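Structure data (compact mmCIF, C-alpha atoms and all ligand atoms) from data.txt:
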```txt
# COMPACT_ATOMS: atom_id res chain seq x y z
CA MET A 1 -12.83 58.08 58.11
CA ARG A 2 -10.66 55.32 56.68
CA ILE A 3 -9.37 52.34 58.64
CA GLU A 4 -5.88 51.25 57.59
CA LEU A 5 -5.60 47.49 57.82
CA GLU A 6 -1.90 47.50 58.59
CA LYS A 7 -2.58 49.47 61.77
CA LEU A 8 -4.89 46.80 63.16
CA VAL A 9 -3.34 45.01 66.12
CA GLY A 10 -3.76 41.27 65.80
CA GLY A 11 -5.91 41.74 62.71
CA ARG A 12 -8.83 43.27 64.57
CA GLY A 13 -10.08 46.53 65.98
CA ASN A 14 -13.06 48.64 67.00
CA PHE A 15 -14.15 51.92 65.52
CA ALA A 16 -16.64 54.62 66.48
CA HIS A 17 -17.34 58.04 65.04
CA VAL A 18 -19.99 60.73 65.14
CA TYR A 19 -20.42 62.43 61.77
CA GLN A 20 -21.84 65.93 61.71
CA PRO A 21 -24.38 66.30 58.89
CA GLU A 22 -22.09 68.59 56.87
CA GLU A 23 -19.35 65.93 56.83
CA LEU A 24 -21.49 63.59 54.75
CA ASN A 25 -24.16 65.72 53.05
CA PRO A 26 -25.49 65.25 50.54
CA ILE A 27 -25.90 61.50 50.89
CA ASP A 28 -27.28 61.49 47.35
CA GLU A 29 -29.43 63.81 45.22
CA ARG A 30 -32.56 63.24 47.37
CA VAL A 31 -31.25 62.24 50.82
CA ASN A 32 -29.51 64.40 53.43
CA LEU A 33 -28.67 63.97 57.09
CA ALA A 34 -30.93 65.98 59.42
CA HIS A 35 -28.97 64.95 62.50
CA ALA A 36 -25.49 63.70 63.42
CA ALA A 37 -24.82 60.09 62.39
CA GLU A 38 -23.32 57.75 64.94
CA VAL A 39 -21.46 54.70 63.72
CA GLU A 40 -19.70 52.03 65.72
CA GLY A 41 -18.40 48.62 64.85
CA THR A 42 -15.67 46.05 64.67
CA ILE A 43 -13.27 45.15 61.91
CA ARG A 44 -11.62 41.77 61.64
CA ARG A 45 -9.31 40.09 59.18
CA THR A 46 -10.40 36.59 58.30
CA GLY A 47 -7.81 35.12 55.97
CA GLN A 48 -7.88 37.18 52.78
CA ALA A 49 -11.21 38.76 53.65
CA VAL A 50 -12.09 41.59 56.02
CA ALA A 51 -15.32 41.46 58.02
CA VAL A 52 -16.87 44.73 59.16
CA ASN A 53 -19.83 44.63 61.55
CA GLY A 54 -21.55 47.54 63.16
CA HIS A 55 -24.45 49.89 63.63
CA VAL A 56 -25.50 53.28 62.22
CA GLU A 57 -27.94 55.59 63.99
CA THR A 58 -29.19 58.92 62.63
CA ARG A 59 -32.09 60.86 61.14
CA ALA A 60 -32.26 61.29 57.40
CA GLN A 61 -34.18 63.99 55.56
CA VAL A 62 -35.89 63.59 52.20
CA GLU A 63 -38.54 65.59 50.36
CA CYS A 64 -42.18 64.48 50.22
CA ASP A 65 -42.76 63.06 46.74
CA ARG A 66 -45.97 65.08 46.35
CA CYS A 67 -45.48 68.43 48.09
CA LEU A 68 -41.65 68.62 48.48
CA LYS A 69 -41.91 69.38 52.21
CA PRO A 70 -38.90 67.98 54.18
CA VAL A 71 -39.66 64.65 55.87
CA GLN A 72 -37.39 63.21 58.57
CA LEU A 73 -36.90 59.48 58.88
CA PRO A 74 -35.14 57.67 61.74
CA VAL A 75 -32.33 55.38 60.60
CA SER A 76 -31.16 52.55 62.85
CA ALA A 77 -29.28 49.96 60.83
CA ASP A 78 -27.09 46.99 61.67
CA PHE A 79 -24.61 45.94 59.02
CA ALA A 80 -22.45 42.90 58.36
CA LEU A 81 -20.14 43.42 55.42
CA GLU A 82 -17.34 41.44 53.94
CA TYR A 83 -14.55 42.85 51.81
CA ILE A 84 -12.17 41.05 49.54
CA THR A 85 -9.57 42.31 47.10
CA GLU A 86 -10.30 42.41 43.41
CA ALA A 87 -7.77 39.63 42.75
CA ASP A 88 -9.48 37.38 45.29
CA TYR A 89 -12.88 38.28 43.92
CA GLU A 90 -11.82 37.23 40.43
CA SER A 91 -10.43 33.94 41.62
CA SER A 92 -13.79 33.80 43.49
CA SER A 93 -12.83 30.80 45.60
CA ILE A 94 -13.66 32.98 48.59
CA ALA A 95 -17.11 34.03 47.36
CA ALA A 96 -18.51 30.66 48.41
CA LEU A 97 -17.73 31.56 52.02
CA SER A 98 -20.15 34.45 52.13
CA GLU A 99 -23.29 33.84 54.12
CA GLU A 100 -26.80 34.86 53.07
CA GLU A 101 -26.91 37.99 55.17
CA MET A 102 -23.48 39.19 54.13
CA SER A 103 -22.71 41.25 51.12
CA VAL A 104 -19.26 41.00 49.61
CA SER A 105 -17.58 44.17 48.41
CA VAL A 106 -14.31 44.66 46.61
CA PHE A 107 -11.70 46.92 48.25
CA ASP A 108 -8.11 47.95 47.58
CA GLY A 109 -6.62 45.60 50.18
CA GLU A 110 -5.31 48.48 52.29
CA SER A 111 -8.11 50.42 53.92
CA ILE A 112 -11.85 50.41 54.58
CA ASP A 113 -13.80 53.62 53.93
CA VAL A 114 -16.26 54.05 56.81
CA ASP A 115 -17.84 57.16 55.21
CA GLU A 116 -18.99 55.00 52.31
CA ILE A 117 -20.41 52.35 54.65
CA VAL A 118 -22.44 54.94 56.56
CA LYS A 119 -23.79 56.55 53.37
CA GLU A 120 -24.72 53.18 51.93
CA GLN A 121 -26.54 52.10 55.11
CA ILE A 122 -28.53 55.34 55.17
CA LEU A 123 -29.56 54.91 51.53
CA LEU A 124 -30.59 51.31 52.17
CA ALA A 125 -32.73 52.43 55.10
CA VAL A 126 -34.58 55.20 53.24
CA PRO A 127 -37.58 54.02 51.20
CA ALA A 128 -37.67 54.80 47.48
CA ARG A 129 -40.91 56.78 47.87
CA THR A 130 -41.72 59.05 50.80
CA LEU A 131 -44.83 61.05 51.64
CA CYS A 132 -45.17 63.59 54.47
CA GLY A 133 -48.48 61.86 55.24
CA GLU A 134 -50.72 59.25 53.61
CA ASP A 135 -53.24 61.96 52.70
CA CYS A 136 -50.78 64.53 51.33
CA LYS A 137 -52.67 66.52 48.67
CA GLY A 138 -49.51 67.60 46.86
CA ILE A 139 -48.91 70.70 44.81
CA CYS A 140 -51.29 72.14 42.19
CA PRO A 141 -49.63 71.47 38.81
CA GLU A 142 -51.16 74.70 37.44
CA CYS A 143 -50.26 77.38 40.01
CA GLY A 144 -47.82 75.58 42.32
CA ILE A 145 -49.76 76.21 45.54
CA ASP A 146 -49.32 73.62 48.33
CA LEU A 147 -52.81 72.10 48.48
CA ASN A 148 -52.25 70.98 52.10
CA THR A 149 -52.12 74.59 53.28
CA GLY A 150 -54.13 76.46 50.66
CA GLN A 151 -56.68 76.21 47.91
CA CYS A 152 -56.81 77.50 44.39
CA ASN A 153 -59.39 77.68 41.63
CA CYS A 154 -57.34 76.02 38.90
CA ALA A 155 -59.46 72.83 38.82
CA ALA A 156 -62.75 74.77 39.10
CA ASP A 157 -61.90 77.00 36.13
CA GLU A 158 -61.68 74.04 33.80
CA VAL A 159 -65.10 73.47 32.30
CA ASP A 160 -65.67 69.92 31.18
CA PRO A 161 -66.73 70.13 27.51
CA ARG A 162 -69.52 67.57 28.09
CA TRP A 163 -71.14 69.80 30.71
CA ALA A 164 -70.73 72.79 28.42
CA ALA A 165 -72.72 70.97 25.73
CA LEU A 166 -75.50 70.09 28.19
CA LYS A 167 -75.68 73.66 29.35
CA SER A 168 -76.20 74.97 25.86
CA LEU A 169 -78.96 72.35 25.24
CA LYS A 170 -80.77 73.51 28.38
CA ASN A 171 -80.50 77.13 27.39
CA SER A 172 -82.09 76.45 24.00
CA ASP A 173 -85.28 75.04 25.59
ZN ZN A 201 -46.45 66.02 51.20
ZN ZN A 202 -53.75 75.90 41.30
```
Could I get this file's structure written as structure tokens?
Ligand SMILES: [Zn+2]
Ligand SMILES: [Zn+2]
Amino acid sequence: MRIELEKLVGGRGNFAHVYQPEELNPIDERVNLAHAAEVEGTIRRTGQAVAVNGHVETRAQVECDRCLKPVQLPVSADFALEYITEADYESSSIAALSEEEMSVSVFDGESIDVDEIVKEQILLAVPARTLCGEDCKGICPECGIDLNTGQCNCAADEVDPRWAALKSLKNSD
């Protein structure tokens, strides 16, 4: 969804949309939506800048870093964004106006892409590393079995050479 600035009445407006997962997936190479994403917010022209404030609510899905099982994470994010045109950004007189909590983005001066905002907020909300549980045992690097649900003998088959040496000493007694 794009919001055309010239269609805003009095320089302001509200927006709301429910994205089905397939509208936005994949969010990036590791993150997908597991549930519809609801976004709502306000858009307001402030001089040369455009302020966009709102909220995103959804459930994201990523893979466990150790066992690759899907893990769902709730996303509930407030955002306060400010957009300026590239020309204004370069003259940068406006950059001093941005508050701590606000991030300034460059846009084409004509429309705001809400899809991009929603994707960005989801990525910001998802941690860089995710485990299905603190004690996830992961996958055996030898045979690929999920060690949370099964066992294998890969580790047991490896005989430590130090023990092998001791064994042969004992046998020679
Ligand atoms: Zn796991
Ligand atoms: Zn194994």
Distance filter 10 Å around ligand ZN 201 (chain A), atoms: only C-alpha atoms and all ligand atoms, out as a PDB file with C-alpha atoms, in the frame of the given file:
```pdb
ATOM      1  CA  GLU A  63     -38.540  65.590  50.360  1.00  0.00           C
ATOM      2  CA  CYS A  64     -42.180  64.480  50.220  1.00  0.00           C
ATOM      3  CA  ASP A  65     -42.760  63.060  46.740  1.00  0.00           C
ATOM      4  CA  ARG A  66     -45.970  65.080  46.350  1.00  0.00           C
ATOM      5  CA  CYS A  67     -45.480  68.430  48.090  1.00  0.00           C
ATOM      6  CA  LEU A  68     -41.650  68.620  48.480  1.00  0.00           C
ATOM      7  CA  LYS A  69     -41.910  69.380  52.210  1.00  0.00           C
ATOM      8  CA  PRO A  70     -38.900  67.980  54.180  1.00  0.00           C
ATOM      9  CA  VAL A  71     -39.660  64.650  55.870  1.00  0.00           C
ATOM     10  CA  THR A 130     -41.720  59.050  50.800  1.00  0.00           C
ATOM     11  CA  LEU A 131     -44.830  61.050  51.640  1.00  0.00           C
ATOM     12  CA  CYS A 132     -45.170  63.590  54.470  1.00  0.00           C
ATOM     13  CA  GLY A 133     -48.480  61.860  55.240  1.00  0.00           C
ATOM     14  CA  GLU A 134     -50.720  59.250  53.610  1.00  0.00           C
ATOM     15  CA  ASP A 135     -53.240  61.960  52.700  1.00  0.00           C
ATOM     16  CA  CYS A 136     -50.780  64.530  51.330  1.00  0.00           C
ATOM     17  CA  LYS A 137     -52.670  66.520  48.670  1.00  0.00           C
ATOM     18  CA  GLY A 138     -49.510  67.600  46.860  1.00  0.00           C
ATOM     19  CA  ILE A 139     -48.910  70.700  44.810  1.00  0.00           C
ATOM     20  CA  ASP A 146     -49.320  73.620  48.330  1.00  0.00           C
ATOM     21  CA  LEU A 147     -52.810  72.100  48.480  1.00  0.00           C
ATOM     22  CA  ASN A 148     -52.250  70.980  52.100  1.00  0.00           C
TER      23      ASN A 148
END
```
Between atom CA of Phe15 of chain A and atom CA of Val118 of chain A - distance in Å to one decimal: 12.6 Å
Residues within 10 Å of Pro127 of chain A, all atoms listed in the file, excluding chain neighbours under 4 positions, as a PyMOL selection string: chain A and resi 62+73+122-123
With C-alpha atoms retained, export the selected residues as a CSV table (one decimal), keeping the file's coordinate frame.
```
chain,number,residue,atom,x,y,z
A,62,VAL,CA,-35.9,63.6,52.2
A,73,LEU,CA,-36.9,59.5,58.9
A,122,ILE,CA,-28.5,55.3,55.2
A,123,LEU,CA,-29.6,54.9,51.5
```
With a cut-off of 7 Å, could you pull out the residues of chain A touching ligand ZN 202 (chain A) and give me the nearest pair of atoms for each, distance in Å to one decimal, using only C-alpha atoms and all ligand atoms, ordered by chain and ascending number, as JSON lines?
```
{"residue": "A:Cys140", "atom": "CA", "partner": "A:ZN202", "partner_atom": "ZN", "distance": 4.6}
{"residue": "A:Pro141", "atom": "CA", "partner": "A:ZN202", "partner_atom": "ZN", "distance": 6.5}
{"residue": "A:Glu142", "atom": "CA", "partner": "A:ZN202", "partner_atom": "ZN", "distance": 4.8}
{"residue": "A:Cys143", "atom": "CA", "partner": "A:ZN202", "partner_atom": "ZN", "distance": 4.0}
{"residue": "A:Gly144", "atom": "CA", "partner": "A:ZN202", "partner_atom": "ZN", "distance": 6.0}
{"residue": "A:Ile145", "atom": "CA", "partner": "A:ZN202", "partner_atom": "ZN", "distance": 5.8}
{"residue": "A:Cys152", "atom": "CA", "partner": "A:ZN202", "partner_atom": "ZN", "distance": 4.6}
{"residue": "A:Asn153", "atom": "CA", "partner": "A:ZN202", "partner_atom": "ZN", "distance": 5.9}
{"residue": "A:Cys154", "atom": "CA", "partner": "A:ZN202", "partner_atom": "ZN", "distance": 4.3}
{"residue": "A:Ala155", "atom": "CA", "partner": "A:ZN202", "partner_atom": "ZN", "distance": 6.9}
```
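In terms of minimum interatomic distance to Ser76 of chain A, A:Glu40 ranks closest within A:Ser91, A:Val104, A:Gly109, A:Glu40, counting only C-alpha atoms.
Rounded to one decimal, atom CA of Phe79 of chain A and atom CA of Glu116 of chain A lie 12.6 Å from each other.
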Residue among A:Arg44, A:Lys119, A:Arg12, A:His55 lying closest to Asp28 of chain A, counting all atoms listed in the file: A:Lys119
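If you look at atom CA of Ile84 of chain A and atom CA of Leu5 of chain A, they are 12.4 Å away from each other.
You can rank A:Ala36, A:Val18, A:Val50, A:Ala80 by their closest distance to Glu110 of chain A using all atoms listed in the file, and at the top of that list sits A:Val50.
Shortest atom-to-atom contact with Phe107 of chain A among A:Asn25, A:Asn32, A:Gln48, A:Asn53: A:Gln48, counting all atoms listed in the file.
When only C-alpha atoms are used to measure the gap to Val52 of chain A, the shortest distance among A:Leu81, A:Val126, A:Met1, A:Val106 belongs to A:Leu81.
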